[in-house]
Amino acid sequence: MKLYCTLTSPYARVARMVVIEKGLSDRVEIVKAQTRTESSPYYKVNPSGRVPFLVRDDGQTMEDSQLICTYLDGLDGRPRLMLPFSQQDWAYGRLETYARSLVDGVAVYIREMRRPENERSPTILRHETERAVRLADYWERQIGHPLMQGPVNMAQMLLIAGLDFGAAGKIAELEKGRPKLVIWARRLREMACVRATAAPSG
């Protein structure tokens, strides 16, 4: 299989984490895709140009990080990362969607910052910064939840990707003054799948 990614996509990073965490590195080839470039050869592989994008061994293709991660997690018949949203009276679904919301906002901020300075929207940048700060406060309160402290799952992977890309993109100091979040993030960053997919700086 081939997993098309960029190093600047938090969604692709999460998919790469799943590949490592599930021991699929010998089955899934990571291919760097060239996106947001006119006439990129990648567009012949995936017309939408988005990442991550999975080409399975049977030739079928999959787009969207949630779909791809669910598929990869279940390849061995023992899915353990994509927990049912209803687990613990819907607590897991609440946590995962808040983690995904942080990643979504950080991704919007980073894309806006990649535009020429005179084309950037101060309103969008301010909105996403404020959202990220509010979510960081939320996570400082919620990070002690057993589902965020136990075995790694998709909510944890999304949250560490959001924090790391937020730091790399200088959206805000999301861990500053949030000691519980700092301790949690330090533990996650020691995981092999997190270290191997570390967000690029700058």
# chains A, B, ... in the order shown; residues from 1 in each chain; ligands from 1
>>> select_by_dssp(residues="segment 31-201 of chain A", states="alpha helix (DSSP H)", output="PyMOL selection string")
chain A and resi 42-45+65-74+87-113+122-142+146-149+154-168+179-188+192-195
>>> write_last_selection(atoms="C-alpha atoms", output="mmCIF file, in the first residue's frame")
data_model
loop_
_atom_site.group_PDB
_atom_site.id
_atom_site.type_symbol
_atom_site.label_atom_id
_atom_site.label_comp_id
_atom_site.auth_asym_id
_atom_site.auth_seq_id
_atom_site.Cartn_x
_atom_site.Cartn_y
_atom_site.Cartn_z
ATOM 1 C CA TYR A 42 0.212 13.989 -7.481
ATOM 2 C CA TYR A 43 -3.034 15.296 -8.975
ATOM 3 C CA LYS A 44 -3.015 12.341 -11.370
ATOM 4 C CA VAL A 45 -2.960 10.055 -8.323
ATOM 5 C CA SER A 65 -7.688 10.856 7.637
ATOM 6 C CA GLN A 66 -10.538 9.450 9.731
ATOM 7 C CA LEU A 67 -11.472 6.877 7.072
ATOM 8 C CA ILE A 68 -7.844 5.923 6.431
ATOM 9 C CA CYS A 69 -7.002 5.602 10.128
ATOM 10 C CA THR A 70 -10.079 3.454 10.731
ATOM 11 C CA TYR A 71 -9.092 1.185 7.849
ATOM 12 C CA LEU A 72 -5.455 0.866 8.959
ATOM 13 C CA ASP A 73 -6.437 0.294 12.580
ATOM 14 C CA GLY A 74 -8.620 -2.646 11.567
ATOM 15 C CA GLN A 87 -17.700 4.539 24.888
ATOM 16 C CA GLN A 88 -18.116 5.620 28.531
ATOM 17 C CA ASP A 89 -21.517 7.206 27.894
ATOM 18 C CA TRP A 90 -20.292 9.166 24.834
ATOM 19 C CA ALA A 91 -17.315 10.607 26.710
ATOM 20 C CA TYR A 92 -14.885 9.302 24.090
ATOM 21 C CA GLY A 93 -16.752 10.914 21.184
ATOM 22 C CA ARG A 94 -16.747 14.225 23.013
ATOM 23 C CA LEU A 95 -13.000 14.042 23.605
ATOM 24 C CA GLU A 96 -12.094 12.981 20.060
ATOM 25 C CA THR A 97 -14.199 15.668 18.412
ATOM 26 C CA TYR A 98 -12.663 18.388 20.602
ATOM 27 C CA ALA A 99 -9.195 17.125 19.706
ATOM 28 C CA ARG A 100 -10.135 17.117 16.016
ATOM 29 C CA SER A 101 -11.490 20.658 16.392
ATOM 30 C CA LEU A 102 -8.071 21.829 17.602
ATOM 31 C CA VAL A 103 -6.383 20.205 14.598
ATOM 32 C CA ASP A 104 -8.945 21.741 12.222
ATOM 33 C CA GLY A 105 -8.371 25.235 13.570
ATOM 34 C CA VAL A 106 -4.591 24.905 13.598
ATOM 35 C CA ALA A 107 -4.680 23.674 9.982
ATOM 36 C CA VAL A 108 -6.743 26.695 8.908
ATOM 37 C CA TYR A 109 -4.308 29.037 10.688
ATOM 38 C CA ILE A 110 -1.258 27.409 9.092
ATOM 39 C CA ARG A 111 -2.798 27.524 5.601
ATOM 40 C CA GLU A 112 -3.599 31.200 6.071
ATOM 41 C CA MET A 113 -0.026 31.941 7.162
ATOM 42 C CA PRO A 122 -6.324 39.086 10.195
ATOM 43 C CA THR A 123 -9.869 38.074 11.125
ATOM 44 C CA ILE A 124 -9.253 34.391 10.361
ATOM 45 C CA LEU A 125 -5.884 34.406 12.146
ATOM 46 C CA ARG A 126 -7.376 36.049 15.236
ATOM 47 C CA HIS A 127 -10.399 33.730 15.224
ATOM 48 C CA GLU A 128 -8.289 30.575 15.002
ATOM 49 C CA THR A 129 -5.809 31.786 17.625
ATOM 50 C CA GLU A 130 -8.621 32.535 20.057
ATOM 51 C CA ARG A 131 -10.247 29.176 19.335
ATOM 52 C CA ALA A 132 -6.954 27.346 19.946
ATOM 53 C CA VAL A 133 -6.455 29.140 23.275
ATOM 54 C CA ARG A 134 -9.996 28.287 24.397
ATOM 55 C CA LEU A 135 -9.453 24.652 23.449
ATOM 56 C CA ALA A 136 -6.114 24.575 25.279
ATOM 57 C CA ASP A 137 -7.952 25.766 28.402
ATOM 58 C CA TYR A 138 -10.557 23.051 27.845
ATOM 59 C CA TRP A 139 -7.846 20.404 27.572
ATOM 60 C CA GLU A 140 -6.111 21.602 30.721
ATOM 61 C CA ARG A 141 -9.370 20.781 32.505
ATOM 62 C CA GLN A 142 -10.096 17.516 30.669
ATOM 63 C CA PRO A 146 -9.028 8.125 31.896
ATOM 64 C CA LEU A 147 -9.519 7.918 28.114
ATOM 65 C CA MET A 148 -6.753 10.503 27.673
ATOM 66 C CA GLN A 149 -4.458 8.872 30.231
ATOM 67 C CA MET A 154 -7.197 8.530 18.130
ATOM 68 C CA ALA A 155 -8.210 11.370 20.478
ATOM 69 C CA GLN A 156 -4.717 11.365 21.987
ATOM 70 C CA MET A 157 -3.043 11.260 18.564
ATOM 71 C CA LEU A 158 -5.153 14.148 17.303
ATOM 72 C CA LEU A 159 -4.472 16.254 20.375
ATOM 73 C CA ILE A 160 -0.696 15.843 20.275
ATOM 74 C CA ALA A 161 -0.711 16.617 16.539
ATOM 75 C CA GLY A 162 -2.734 19.762 17.192
ATOM 76 C CA LEU A 163 -0.429 20.899 19.990
ATOM 77 C CA ASP A 164 2.742 20.206 18.010
ATOM 78 C CA PHE A 165 1.558 21.844 14.795
ATOM 79 C CA GLY A 166 0.218 24.767 16.812
ATOM 80 C CA ALA A 167 3.678 25.222 18.331
ATOM 81 C CA ALA A 168 5.441 24.799 14.987
ATOM 82 C CA PRO A 179 0.875 22.299 33.719
ATOM 83 C CA LYS A 180 -1.406 19.273 33.346
ATOM 84 C CA LEU A 181 -1.318 19.586 29.570
ATOM 85 C CA VAL A 182 2.483 19.950 29.659
ATOM 86 C CA ILE A 183 2.892 16.713 31.623
ATOM 87 C CA TRP A 184 0.512 14.844 29.325
ATOM 88 C CA ALA A 185 2.194 16.141 26.142
ATOM 89 C CA ARG A 186 5.651 15.211 27.472
ATOM 90 C CA ARG A 187 4.479 11.620 27.967
ATOM 91 C CA LEU A 188 2.931 11.416 24.493
ATOM 92 C CA ALA A 192 7.777 6.011 19.147
ATOM 93 C CA CYS A 193 4.977 6.905 16.732
ATOM 94 C CA VAL A 194 4.987 10.526 17.935
ATOM 95 C CA ARG A 195 8.785 10.919 17.887
#
>>> closest_residue(among="A:Val152, A:Val31, A:Leu174, A:Ala198", to="Arg80 of chain A", atoms="only C-alpha atoms")
A:Val152
>>> atom_distance(atom1="atom CA of Thr197 of chain A", atom2="atom CA of Ala12 of chain A")
9.6 Å
>>> closest_residue(among="A:Arg115, A:Arg78, A:Arg120, A:Lys2", to="Ser25 of chain A", atoms="only C-alpha atoms")
A:Lys2
>>> atom_distance(atom1="atom CA of Glu29 of chain A", atom2="atom CA of Pro52 of chain A")
12.4 Å
